[in-house]
>>> print(open('upload-v2.cif').read())   # mmCIF, C-alpha atoms
data_input
#
loop_
_atom_site.label_atom_id
_atom_site.label_comp_id
_atom_site.auth_asym_id
_atom_site.auth_seq_id
_atom_site.Cartn_x
_atom_site.Cartn_y
_atom_site.Cartn_z
CA MET W 85 -32.08 25.37 3.73
CA CYS W 86 -35.33 24.61 1.88
CA ARG W 87 -37.21 26.33 4.70
CA GLN W 88 -35.10 29.47 4.21
CA VAL W 89 -35.94 29.46 0.50
CA PHE W 90 -39.64 29.50 1.34
CA GLY W 91 -39.06 32.24 3.90
CA PHE W 92 -37.52 34.40 1.18
CA ARG W 93 -40.47 33.61 -1.09
CA LEU W 94 -42.92 34.72 1.60
CA ALA W 95 -41.18 38.08 1.97
CA MET W 96 -41.05 38.73 -1.79
CA ILE W 97 -44.70 37.71 -2.32
CA ALA W 98 -45.82 40.03 0.48
CA LEU W 99 -43.90 42.95 -1.07
CA ALA W 100 -45.11 42.33 -4.63
CA THR W 101 -48.79 41.53 -3.94
CA PRO W 102 -50.02 45.18 -3.95
CA THR W 103 -48.36 45.82 -7.31
CA ALA W 104 -49.82 42.63 -8.78
CA LEU W 105 -53.35 43.52 -7.65
CA VAL W 106 -53.10 47.12 -8.89
CA ASN W 107 -51.84 46.10 -12.34
CA ALA W 108 -54.48 43.39 -12.80
CA ASN W 109 -57.59 44.25 -14.79
CA ASP W 110 -60.89 44.54 -13.00
CA GLY W 111 -63.15 41.53 -12.69
CA LEU W 112 -61.96 38.01 -13.34
CA PRO W 113 -58.22 38.88 -13.75
CA THR W 114 -58.18 40.51 -10.31
CA ARG W 115 -59.84 37.47 -8.75
CA LEU W 116 -57.37 35.13 -10.49
CA VAL W 117 -54.41 37.15 -9.25
CA GLY W 118 -55.89 37.25 -5.75
CA ALA W 119 -56.37 33.49 -5.78
CA ALA W 120 -52.81 33.01 -7.02
CA VAL W 121 -51.53 35.23 -4.20
CA VAL W 122 -53.44 33.24 -1.57
CA VAL W 123 -52.43 29.83 -2.94
CA THR W 124 -48.77 30.75 -3.44
CA PHE W 125 -48.46 32.49 -0.08
CA MET W 126 -50.21 29.76 1.92
CA THR W 127 -48.25 27.00 0.18
CA SER W 128 -44.99 28.78 0.96
CA TYR W 129 -46.06 29.38 4.56
CA VAL W 130 -47.07 25.77 5.17
CA LEU W 131 -43.80 24.46 3.74
CA PHE W 132 -41.85 27.08 5.68
CA ARG W 133 -43.52 26.14 8.97
CA ASP W 134 -43.79 22.33 8.60
CA TRP W 135 -41.09 21.39 6.10
CA GLU W 136 -40.32 18.13 7.92
CA ARG W 137 -43.97 17.09 7.52
CA PHE W 138 -44.80 18.28 3.99
CA GLY W 139 -41.34 18.25 2.42
CA PRO W 140 -41.49 14.50 1.63
CA LEU W 141 -44.78 15.12 -0.21
CA LEU W 142 -43.09 17.69 -2.42
CA LEU W 143 -40.21 15.28 -2.94
CA ARG W 144 -42.54 12.53 -4.17
CA HIS W 145 -44.67 14.78 -6.39
CA PRO W 146 -42.67 17.24 -8.55
CA SER W 147 -45.97 18.21 -10.20
CA LEU W 148 -46.79 20.23 -7.07
CA LEU W 149 -43.77 22.44 -7.66
CA ALA W 150 -44.75 22.76 -11.33
CA ALA W 151 -48.24 23.94 -10.33
CA ASP W 152 -46.69 26.41 -7.89
CA THR W 153 -44.48 27.70 -10.70
CA LEU W 154 -47.54 28.37 -12.90
CA PHE W 155 -49.27 30.28 -10.10
CA GLY W 156 -46.10 32.31 -9.64
CA ALA W 157 -46.04 33.04 -13.37
CA LEU W 158 -49.59 34.42 -13.15
CA LEU W 159 -48.50 36.73 -10.36
CA LEU W 160 -45.39 37.76 -12.25
CA THR W 161 -47.45 38.57 -15.34
CA ALA W 162 -49.69 40.85 -13.28
CA ALA W 163 -46.96 42.48 -11.19
CA GLY W 164 -44.46 42.81 -14.03
CA PRO W 165 -40.94 41.42 -14.42
CA ASP W 166 -39.50 44.59 -12.89
CA SER W 167 -41.20 44.03 -9.51
CA THR W 168 -39.71 42.31 -6.47
CA LEU W 169 -41.73 39.22 -7.38
CA ALA W 170 -39.33 38.58 -10.23
CA TYR W 171 -36.73 37.44 -7.71
CA VAL W 172 -39.11 34.75 -6.48
CA SER W 173 -38.68 33.03 -9.84
CA VAL W 174 -35.07 32.33 -8.94
CA CYS W 175 -36.22 30.34 -5.90
CA THR W 176 -37.95 27.67 -8.00
CA PRO W 177 -34.86 26.23 -9.76
CA LEU W 178 -32.84 26.66 -6.54
CA LEU W 179 -35.43 24.62 -4.64
CA ALA W 180 -35.64 22.06 -7.44
CA GLY W 181 -31.87 21.59 -7.31
CA LEU W 182 -31.99 21.09 -3.55
CA VAL W 183 -34.90 18.64 -3.64
CA TYR W 184 -34.59 16.79 -6.96
CA GLY W 185 -30.92 17.09 -7.95
CA TRP W 186 -29.47 18.25 -11.25
CA ARG W 187 -32.22 16.73 -13.39
CA GLY W 188 -34.95 18.55 -11.50
CA ALA W 189 -32.88 21.73 -11.52
CA ALA W 190 -32.48 21.52 -15.29
CA VAL W 191 -36.22 20.96 -15.89
CA PHE W 192 -37.45 23.73 -13.60
CA ALA W 193 -34.71 26.17 -14.58
CA SER W 194 -35.71 25.70 -18.23
CA LEU W 195 -39.42 26.06 -17.39
CA GLN W 196 -38.88 29.18 -15.31
CA ALA W 197 -36.55 30.73 -17.88
CA LEU W 198 -39.09 30.08 -20.64
CA LEU W 199 -41.88 31.70 -18.62
CA LEU W 200 -39.72 34.75 -17.93
CA LEU W 201 -38.82 35.13 -21.59
CA LEU W 202 -42.50 34.89 -22.57
CA ILE W 203 -43.44 37.53 -19.99
CA HIS W 204 -40.71 39.85 -21.27
CA ALA W 205 -41.83 39.28 -24.85
CA ALA W 206 -45.41 40.16 -23.92
CA GLN W 207 -44.41 43.58 -22.62
CA GLU W 208 -45.73 46.33 -24.87
CA ASP W 209 -43.71 49.50 -24.35
CA PRO W 210 -40.87 49.97 -23.89
CA ALA W 211 -39.63 46.66 -25.26
CA PRO W 212 -36.94 45.20 -23.01
CA GLY W 213 -33.44 44.74 -24.37
CA ILE W 214 -31.78 41.39 -24.85
CA THR W 215 -29.57 41.84 -21.80
CA GLU W 216 -32.50 42.75 -19.57
CA SER W 217 -34.62 39.90 -20.91
CA ALA W 218 -31.87 37.31 -20.39
CA LEU W 219 -30.81 38.45 -16.91
CA LEU W 220 -33.40 36.62 -14.83
CA PRO W 221 -33.45 33.48 -17.02
CA GLY W 222 -29.68 33.31 -16.63
CA LEU W 223 -30.02 33.70 -12.88
CA CYS W 224 -32.52 30.83 -12.88
CA VAL W 225 -29.99 28.57 -14.60
CA ILE W 226 -27.30 29.61 -12.12
CA ALA W 227 -29.66 29.09 -9.16
CA GLY W 228 -30.51 25.58 -10.39
CA ALA W 229 -26.82 24.71 -10.65
CA VAL W 230 -26.19 26.16 -7.18
CA GLY W 231 -29.09 24.17 -5.69
CA SER W 232 -27.87 20.93 -7.26
CA SER W 233 -24.31 21.55 -6.04
CA LEU W 234 -25.54 22.33 -2.52
CA ARG W 235 -27.60 19.14 -2.53
CA ASN W 236 -24.55 17.06 -3.47
CA LEU W 237 -22.45 18.76 -0.81
CA MET W 238 -25.10 18.20 1.86
CA LEU W 239 -25.53 14.55 0.88
CA ARG W 240 -21.79 14.01 1.08
CA PHE W 241 -21.66 15.86 4.38
CA GLY W 242 -24.55 13.75 5.69
CA ALA W 243 -22.81 10.53 4.63
CA ALA W 244 -19.59 11.69 6.27
CA THR W 245 -21.47 12.67 9.43
CA GLN W 246 -23.22 9.31 9.55
CA ALA W 247 -19.91 7.49 9.12
CA LEU W 248 -18.37 9.63 11.85
CA THR W 249 -21.33 8.93 14.15
CA THR W 250 -20.95 5.20 13.54
CA VAL W 251 -17.23 5.32 14.28
CA GLN W 252 -17.85 7.35 17.43
CA ALA W 253 -20.52 4.89 18.53
CA ARG W 254 -18.18 1.95 17.98
CA LEU W 255 -15.41 3.69 19.91
CA ALA W 256 -17.86 4.55 22.69
CA VAL W 257 -19.04 0.94 22.89
CA THR W 258 -15.44 -0.28 22.99
CA GLU W 259 -14.65 2.21 25.73
CA ALA W 260 -17.74 1.18 27.68
CA VAL W 261 -16.75 -2.48 27.47
CA SER W 262 -13.17 -1.65 28.44
CA ALA W 263 -14.39 0.40 31.37
CA GLU W 264 -16.57 -2.51 32.48
CA ARG W 265 -13.62 -4.88 32.28
CA ALA W 266 -11.60 -2.44 34.37
CA ARG W 267 -14.44 -2.38 36.89
CA LEU W 268 -14.43 -6.17 37.08
CA ALA W 269 -10.69 -6.09 37.57
CA ARG W 270 -11.09 -3.62 40.44
CA GLU W 271 -13.84 -5.72 41.99
CA MET W 272 -11.65 -8.81 41.72
CA HIS W 273 -8.85 -6.95 43.44
CA ASP W 274 -11.11 -5.53 46.14
CA SER W 275 -13.19 -8.67 46.76
CA VAL W 276 -11.67 -11.98 45.70
CA ALA W 277 -8.06 -10.98 46.31
CA LYS W 278 -8.79 -9.61 49.75
CA THR W 279 -10.92 -12.62 50.62
CA LEU W 280 -8.12 -14.97 49.59
CA HIS W 281 -5.71 -12.92 51.64
CA GLY W 282 -8.02 -13.40 54.62
CA VAL W 283 -8.09 -17.16 53.91
CA ALA W 284 -4.29 -17.19 53.96
CA LEU W 285 -4.18 -15.35 57.28
CA ALA W 286 -6.81 -17.67 58.78
CA ALA W 287 -4.88 -20.71 57.53
CA ASP W 288 -1.67 -19.33 59.07
CA GLY W 289 -3.49 -18.88 62.36
CA LEU W 290 -4.86 -22.43 62.13
CA THR W 291 -1.36 -23.79 61.49
CA THR W 292 0.02 -21.94 64.50
CA SER W 293 -2.79 -23.19 66.73
CA ALA W 294 -2.37 -26.78 65.52
CA ASN W 295 1.41 -26.71 66.17
CA ALA W 296 1.08 -25.22 69.66
CA ASP W 297 2.32 -27.26 72.63
CA ARG W 298 -1.11 -27.16 74.18
CA MET W 299 -3.61 -27.18 71.32
CA ASP W 300 -7.02 -25.70 72.04
CA PRO W 301 -9.56 -27.84 70.11
CA ALA W 302 -12.26 -25.13 70.29
CA LEU W 303 -9.91 -22.51 68.85
CA VAL W 304 -8.80 -24.88 66.09
CA ARG W 305 -12.41 -25.63 65.17
CA GLN W 306 -13.21 -21.93 65.11
CA GLN W 307 -10.25 -21.13 62.88
CA ALA W 308 -10.98 -24.06 60.58
CA ALA W 309 -14.59 -22.88 60.21
CA LEU W 310 -13.29 -19.39 59.39
CA VAL W 311 -11.02 -20.82 56.69
CA ALA W 312 -13.92 -22.80 55.22
CA ARG W 313 -16.27 -19.81 55.20
CA SER W 314 -13.66 -17.57 53.62
CA ALA W 315 -12.84 -20.14 50.97
CA ARG W 316 -16.51 -20.59 50.08
CA ARG W 317 -16.94 -16.83 49.89
CA ALA W 318 -13.91 -16.49 47.60
CA ALA W 319 -15.26 -19.30 45.37
CA ALA W 320 -18.67 -17.59 45.11
CA GLU W 321 -17.10 -14.23 44.28
CA SER W 322 -14.89 -15.86 41.66
CA ARG W 323 -17.83 -17.61 40.00
CA GLU W 324 -19.81 -14.36 39.85
CA LEU W 325 -16.95 -12.40 38.31
CA LEU W 326 -16.09 -15.17 35.85
CA ALA W 327 -19.72 -15.32 34.76
CA ASP W 328 -19.66 -11.57 34.10
CA LEU W 329 -16.44 -11.91 32.09
CA ARG W 330 -17.93 -14.76 30.05
CA ARG W 331 -20.98 -12.65 29.23
CA GLU W 332 -18.69 -9.82 28.15
CA SER W 333 -16.65 -11.92 25.72
CA ASP W 334 -19.20 -14.40 24.40
CA PRO W 335 -21.83 -12.96 21.97
CA ASP W 336 -24.14 -15.83 22.88
CA GLU W 337 -24.18 -14.55 26.45
CA ALA W 338 -25.12 -10.99 25.45
CA THR W 339 -28.18 -9.31 26.92
CA ASP W 340 -31.59 -9.50 25.28
CA VAL W 341 -32.66 -5.89 25.73
CA LEU W 342 -36.29 -6.51 24.75
CA VAL W 343 -36.76 -9.24 27.36
CA GLU W 344 -35.13 -7.10 30.02
CA LEU W 345 -37.27 -4.07 29.13
CA ALA W 346 -40.44 -6.15 29.32
CA ALA W 347 -39.42 -7.53 32.71
CA ARG W 348 -38.54 -4.09 34.06
CA SER W 349 -41.82 -2.65 32.81
CA ARG W 350 -43.77 -5.39 34.61
CA ASP W 351 -41.76 -4.91 37.77
CA PHE W 352 -42.24 -1.13 37.63
CA SER W 353 -46.00 -1.52 37.18
CA ALA W 354 -46.30 -4.04 40.03
CA ARG W 355 -44.17 -1.94 42.37
CA THR W 356 -45.70 1.49 41.74
CA GLY W 357 -49.27 0.62 40.71
CA LEU W 358 -48.82 2.82 37.61
CA THR W 359 -49.76 1.11 34.33
CA ALA W 360 -46.63 0.46 32.27
CA VAL W 361 -47.21 -1.16 28.89
CA TYR W 362 -44.34 -2.59 26.88
CA ARG W 363 -44.53 -3.33 23.16
CA PRO W 364 -41.86 -4.32 20.64
CA THR W 365 -41.57 -2.27 17.45
CA GLY W 366 -39.70 -2.52 14.18
CA ALA W 367 -39.65 -5.23 11.56
CA HIS W 368 -36.31 -6.83 12.45
CA ALA W 369 -34.94 -8.71 15.43
CA VAL W 370 -32.75 -6.82 17.87
CA PRO W 371 -29.16 -8.10 17.80
CA PRO W 372 -27.46 -9.19 21.04
CA VAL W 373 -26.25 -6.24 23.06
CA PRO W 374 -23.01 -6.36 25.10
CA PRO W 375 -23.86 -6.35 28.82
CA ALA W 376 -21.89 -3.17 29.49
CA VAL W 377 -23.90 -1.34 26.83
CA ALA W 378 -27.20 -3.00 27.71
CA ARG W 379 -26.74 -1.95 31.32
CA GLN W 380 -26.62 1.72 30.29
CA LEU W 381 -29.63 1.41 27.97
CA LEU W 382 -31.72 -0.34 30.62
CA MET W 383 -30.69 2.12 33.30
CA ILE W 384 -31.84 5.01 31.08
CA ALA W 385 -35.21 3.35 30.49
CA SER W 386 -35.62 2.58 34.20
CA GLU W 387 -34.70 6.14 35.17
CA ALA W 388 -37.21 7.51 32.64
CA MET W 389 -39.98 5.41 34.18
CA GLU W 390 -39.00 6.45 37.70
CA ASN W 391 -38.88 10.13 36.72
CA ALA W 392 -42.36 9.87 35.24
CA HIS W 393 -43.70 8.28 38.42
CA ARG W 394 -42.03 10.77 40.76
CA HIS W 395 -42.55 14.04 38.89
CA ALA W 396 -45.02 13.81 35.98
CA HIS W 397 -48.10 12.24 37.66
CA PRO W 398 -49.11 10.31 34.52
CA THR W 399 -51.92 7.81 34.09
CA ARG W 400 -49.74 5.37 32.13
CA VAL W 401 -46.26 4.80 30.76
CA ASP W 402 -45.62 3.32 27.32
CA VAL W 403 -42.31 1.55 26.71
CA SER W 404 -41.31 0.41 23.23
CA ALA W 405 -38.13 -0.86 21.62
CA GLY W 406 -37.06 -2.25 18.27
CA VAL W 407 -34.90 -1.85 15.19
CA HIS W 408 -35.79 1.02 12.87
CA GLY W 409 -33.51 1.26 9.86
CA ASP W 410 -29.97 1.05 11.16
CA LEU W 411 -30.87 2.17 14.69
CA LEU W 412 -31.88 0.41 17.88
CA ARG W 413 -34.62 2.69 19.21
CA ILE W 414 -35.95 2.65 22.77
CA SER W 415 -38.80 4.96 23.77
CA VAL W 416 -40.36 5.67 27.17
CA TYR W 417 -43.41 7.94 26.99
CA ASP W 418 -45.66 9.14 29.79
CA ASP W 419 -48.84 11.20 29.44
CA GLY W 420 -48.06 13.37 32.46
CA ARG W 421 -47.59 17.09 32.75
CA GLY W 422 -44.31 17.18 30.82
CA LEU W 423 -41.20 19.27 31.29
CA PRO W 424 -41.50 23.00 32.00
CA PRO W 425 -40.93 25.11 28.85
CA GLY W 426 -37.34 26.18 28.36
CA THR W 427 -35.86 23.52 30.63
CA THR W 428 -32.14 22.94 30.02
CA LEU W 429 -29.67 20.42 31.37
CA GLU W 430 -27.63 23.19 32.96
CA GLN W 431 -30.66 24.40 34.89
CA LEU W 432 -31.38 20.87 36.09
CA ARG W 433 -27.75 20.40 37.12
CA ARG W 434 -27.71 23.65 39.10
CA ALA W 435 -31.01 22.75 40.78
CA GLY W 436 -29.65 19.38 41.85
CA HIS W 437 -31.92 17.30 39.57
CA PHE W 438 -29.48 14.81 38.13
CA GLY W 439 -31.90 12.21 36.72
CA LEU W 440 -32.12 13.63 33.19
CA VAL W 441 -28.48 14.72 33.32
CA GLY W 442 -27.46 11.18 34.21
CA MET W 443 -29.51 9.75 31.32
CA VAL W 444 -27.77 12.07 28.86
CA GLU W 445 -24.36 11.13 30.26
CA ARG W 446 -25.16 7.41 30.09
CA ALA W 447 -26.30 7.73 26.48
CA ALA W 448 -23.13 9.60 25.55
CA SER W 449 -20.99 6.92 27.21
CA VAL W 450 -22.16 4.29 24.70
CA GLY W 451 -22.43 6.55 21.65
CA ALA W 452 -26.23 6.72 21.64
CA ARG W 453 -28.37 9.76 20.87
CA ILE W 454 -31.07 10.74 23.34
CA ARG W 455 -34.00 13.09 22.92
CA ILE W 456 -36.09 14.25 25.87
CA GLY W 457 -39.25 16.24 25.22
CA ARG W 458 -42.79 16.03 23.98
CA GLY W 459 -41.79 14.46 20.66
CA GLY W 460 -44.81 13.97 18.40
CA HIS W 461 -47.28 13.73 21.27
CA PRO W 462 -49.75 16.46 22.27
CA LYS W 463 -48.63 16.30 25.91
CA GLY W 464 -46.38 14.41 28.29
CA THR W 465 -42.72 13.52 27.90
CA GLU W 466 -40.93 11.05 25.66
CA VAL W 467 -37.40 9.81 26.25
CA ARG W 468 -36.17 8.42 22.94
CA LEU W 469 -32.84 6.63 22.76
CA GLU W 470 -31.21 5.68 19.44
CA LEU W 471 -28.07 3.56 19.13
CA PRO W 472 -26.50 2.71 15.72
CA LEU W 473 -26.61 -1.03 15.11
CA ALA W 474 -23.09 -0.81 13.67
CA ALA W 475 -21.85 -0.12 17.19
CA LEU W 476 -23.09 -3.53 18.32
CA THR W 477 -20.98 -5.39 15.73
CA THR W 478 -17.72 -4.26 17.26
CA PRO W 479 -15.80 -7.22 18.73
CA THR W 480 -15.63 -7.01 22.50
CA ALA W 481 -12.85 -9.52 23.02
#
>>> encode(input="upload-v2.cif", output="structure tokens")
Amino acid sequence: MCRQVFGFRLAMIALATPTALVNANDGLPTRLVGAAVVVTFMTSYVLFRDWERFGPLLLRHPSLLAADTLFGALLLTAAGPDSTLAYVSVCTPLLAGLVYGWRGAAVFASLQALLLLLIHAAQEDPAPGITESALLPGLCVIAGAVGSSLRNLMLRFGAATQALTTVQARLAVTEAVSAERARLAREMHDSVAKTLHGVALAADGLTTSANADRMDPALVRQQAALVARSARRAAAESRELLADLRRESDPDEATDVLVELAARSRDFSARTGLTAVYRPTGAHAVPPVPPAVARQLLMIASEAMENAHRHAHPTRVDVSAGVHGDLLRISVYDDGRGLPPGTTLEQLRRAGHFGLVGMVERAASVGARIRIGRGGHPKGTEVRLELPLAALTTPTA
């Protein structure tokens, strides 16, 4: 929304600049107006183009907006309050309300209204009426109130969205854990249960052979060995499944994602010959991650490294992970040739390239957000995965 405000300012400044330059006196006044045009226009353009980069600077230093207001007043004095530039004055309190809240809106609305009243008072002939003089100052006050109200609404909407994202992440984690338990149940049915059924059949055959009138010792030994092998196999399968269940329900048995990422990076580098460097980030320790969730996170990271090796032809792969704010962030960056411009998941799906599609689906299954693109790098591809830490506090038992 702030970017749109600066877009409107750019249009109004471009329309009013000829009038401001024509009305300015020759010599120094013309140069001052020209400088004000350049500074105001370039400032608006930079903030319009790179608001995410320079917006925090404006947020920390309200004096920058005050200086911009004074430059705008110089332009308005030259162009006249009846020009299109007069409507730019409404943008200042609107922007102040969006960025600084009601206090900032009140200060800049008062400042802008005072400047407009002074400009109207300085007009020689004809003298503006009270209604005409108070119109734009009144609009500035209204714009400041609107900006402050929009800021409050957006903050509330952002808080509600964050709460909804956290709830969705917790539900997704719970569903992932439940799905993993269902998988273990299926594996128990398909492996241990069937193996035990085979043990029972082998034992029945051994009983029949042992009770025969003419017992064949070789056949009995063979059937007894089969029973022993089947029983040992069932015991091994049971231990493996019980160990998985214990890791699912016991937080102390959760997966250390950082250790696993480091190990996978080393294995990838040794296997492919491509340099893969892992480094931890963030100022806080990563909490234990449920195995069902950790499996999806690690699979995404592994798939990102494999995609880089197969398709991007990079010279190195950088893997990082850590806690940033309330998010567990995992990043896999390669300095290869990057994705073709305009690539979409639907295009990849139709072309039969399911690697990136699978990563997106895995991230969605645990409530994580994934970004695939260049990111802040000049080239290459970064796969950035972010999972709310609140999702990891959900009980899995």
>>> residues_around(input="upload-v2.cif", residues="range 175-183 of chain W", least_positions_apart="6", cutoff="9 Å", atoms="all atoms listed in the file", output="number ranges by chain")
W: 85-86, 89-90, 92-93, 139, 142-143, 146, 149, 152-153, 189-196, 224-236
>>> write_last_selection(input="upload-v2.cif", atoms="C-alpha atoms", output="CSV table (one decimal), in the frame of the given file")
chain,number,residue,atom,x,y,z
W,85,MET,CA,-32.1,25.4,3.7
W,86,CYS,CA,-35.3,24.6,1.9
W,89,VAL,CA,-35.9,29.5,0.5
W,90,PHE,CA,-39.6,29.5,1.3
W,92,PHE,CA,-37.5,34.4,1.2
W,93,ARG,CA,-40.5,33.6,-1.1
W,139,GLY,CA,-41.3,18.2,2.4
W,142,LEU,CA,-43.1,17.7,-2.4
W,143,LEU,CA,-40.2,15.3,-2.9
W,146,PRO,CA,-42.7,17.2,-8.6
W,149,LEU,CA,-43.8,22.4,-7.7
W,152,ASP,CA,-46.7,26.4,-7.9
W,153,THR,CA,-44.5,27.7,-10.7
W,189,ALA,CA,-32.9,21.7,-11.5
W,190,ALA,CA,-32.5,21.5,-15.3
W,191,VAL,CA,-36.2,21.0,-15.9
W,192,PHE,CA,-37.4,23.7,-13.6
W,193,ALA,CA,-34.7,26.2,-14.6
W,194,SER,CA,-35.7,25.7,-18.2
W,195,LEU,CA,-39.4,26.1,-17.4
W,196,GLN,CA,-38.9,29.2,-15.3
W,224,CYS,CA,-32.5,30.8,-12.9
W,225,VAL,CA,-30.0,28.6,-14.6
W,226,ILE,CA,-27.3,29.6,-12.1
W,227,ALA,CA,-29.7,29.1,-9.2
W,228,GLY,CA,-30.5,25.6,-10.4
W,229,ALA,CA,-26.8,24.7,-10.6
W,230,VAL,CA,-26.2,26.2,-7.2
W,231,GLY,CA,-29.1,24.2,-5.7
W,232,SER,CA,-27.9,20.9,-7.3
W,233,SER,CA,-24.3,21.6,-6.0
W,234,LEU,CA,-25.5,22.3,-2.5
W,235,ARG,CA,-27.6,19.1,-2.5
W,236,ASN,CA,-24.6,17.1,-3.5
>>> atom_distance(input="upload-v2.cif", atom1="CA of His397 in chain W", atom2="CA of Arg413 in chain W")
24.8 Å
>>> resolve_selection(input="upload-v2.cif", expression="the PyMOL selection byres ((chain W and resi 467) around 6)", output="ChimeraX atom specification")
/W:415-416,455-456,466,468
>>> residues_around(input="upload-v2.cif", residues="Leu476 in chain W", least_positions_apart="3", cutoff="10 Å", atoms="only C-alpha atoms", output="PyMOL selection string")
chain W and resi 253-254+257-258+371-374+377+412+471-473+479-480
>>> closest_residue(input="upload-v2.cif", among="W:Gly289, W:Gly357, W:Gly439, W:Pro364", to="Val403 in chain W", atoms="only C-alpha atoms")
W:Pro364
>>> axis_aligned_box(input="upload-v2.cif", around="range 341-353 of chain W", padding_each_side="6 Å", output="JSON")
{"center_x": -39.3, "center_y": -5.2, "center_z": 31.3, "size_x": 25.3, "size_y": 20.1, "size_z": 25.0}
>>> closest_residue(input="upload-v2.cif", among="W:Ala318, W:Ala474, W:Val341, W:Ala287", to="Gln306 in chain W", atoms="all atoms listed in the file")
W:Ala287
>>> decode(input="upload-v2.cif", residues="range 220-231 of chain W", atoms="N, CA, C and O atoms", output="PDB file, in the first residue's frame")
ATOM      1  N   LEU W 220      -8.013  21.508   1.154  1.00  0.00           N
ATOM      2  CA  LEU W 220      -6.892  20.582   1.168  1.00  0.00           C
ATOM      3  C   LEU W 220      -6.376  20.296   2.577  1.00  0.00           C
ATOM      4  O   LEU W 220      -6.056  19.138   2.895  1.00  0.00           O
ATOM      5  N   PRO W 221      -6.264  21.305   3.467  1.00  0.00           N
ATOM      6  CA  PRO W 221      -5.891  20.965   4.844  1.00  0.00           C
ATOM      7  C   PRO W 221      -6.842  19.975   5.499  1.00  0.00           C
ATOM      8  O   PRO W 221      -6.411  19.077   6.230  1.00  0.00           O
ATOM      9  N   GLY W 222      -8.134  20.131   5.228  1.00  0.00           N
ATOM     10  CA  GLY W 222      -9.088  19.161   5.769  1.00  0.00           C
ATOM     11  C   GLY W 222      -8.884  17.775   5.198  1.00  0.00           C
ATOM     12  O   GLY W 222      -8.973  16.764   5.909  1.00  0.00           O
ATOM     13  N   LEU W 223      -8.575  17.726   3.887  1.00  0.00           N
ATOM     14  CA  LEU W 223      -8.295  16.420   3.275  1.00  0.00           C
ATOM     15  C   LEU W 223      -7.039  15.785   3.877  1.00  0.00           C
ATOM     16  O   LEU W 223      -6.964  14.561   4.004  1.00  0.00           O
ATOM     17  N   CYS W 224      -6.068  16.616   4.244  1.00  0.00           N
ATOM     18  CA  CYS W 224      -4.859  16.076   4.865  1.00  0.00           C
ATOM     19  C   CYS W 224      -5.177  15.426   6.205  1.00  0.00           C
ATOM     20  O   CYS W 224      -4.654  14.350   6.531  1.00  0.00           O
ATOM     21  N   VAL W 225      -6.034  16.086   6.993  1.00  0.00           N
ATOM     22  CA  VAL W 225      -6.433  15.509   8.280  1.00  0.00           C
ATOM     23  C   VAL W 225      -7.177  14.188   8.066  1.00  0.00           C
ATOM     24  O   VAL W 225      -6.924  13.190   8.754  1.00  0.00           O
ATOM     25  N   ILE W 226      -8.076  14.182   7.087  1.00  0.00           N
ATOM     26  CA  ILE W 226      -8.833  12.948   6.801  1.00  0.00           C
ATOM     27  C   ILE W 226      -7.893  11.849   6.312  1.00  0.00           C
ATOM     28  O   ILE W 226      -8.000  10.681   6.720  1.00  0.00           O
ATOM     29  N   ALA W 227      -6.939  12.210   5.439  1.00  0.00           N
ATOM     30  CA  ALA W 227      -5.994  11.208   4.922  1.00  0.00           C
ATOM     31  C   ALA W 227      -5.155  10.626   6.040  1.00  0.00           C
ATOM     32  O   ALA W 227      -4.865   9.416   6.060  1.00  0.00           O
ATOM     33  N   GLY W 228      -4.722  11.471   7.004  1.00  0.00           N
ATOM     34  CA  GLY W 228      -3.960  10.953   8.135  1.00  0.00           C
ATOM     35  C   GLY W 228      -4.776   9.974   8.962  1.00  0.00           C
ATOM     36  O   GLY W 228      -4.257   8.923   9.383  1.00  0.00           O
ATOM     37  N   ALA W 229      -6.047  10.297   9.192  1.00  0.00           N
ATOM     38  CA  ALA W 229      -6.905   9.382   9.946  1.00  0.00           C
ATOM     39  C   ALA W 229      -7.122   8.081   9.187  1.00  0.00           C
ATOM     40  O   ALA W 229      -7.108   6.985   9.766  1.00  0.00           O
ATOM     41  N   VAL W 230      -7.290   8.183   7.860  1.00  0.00           N
ATOM     42  CA  VAL W 230      -7.469   6.979   7.047  1.00  0.00           C
ATOM     43  C   VAL W 230      -6.218   6.112   7.086  1.00  0.00           C
ATOM     44  O   VAL W 230      -6.282   4.882   7.231  1.00  0.00           O
ATOM     45  N   GLY W 231      -5.033   6.742   6.946  1.00  0.00           N
ATOM     46  CA  GLY W 231      -3.792   5.973   6.996  1.00  0.00           C
ATOM     47  C   GLY W 231      -3.599   5.268   8.319  1.00  0.00           C
ATOM     48  O   GLY W 231      -3.202   4.097   8.365  1.00  0.00           O
TER      49      GLY W 231
END
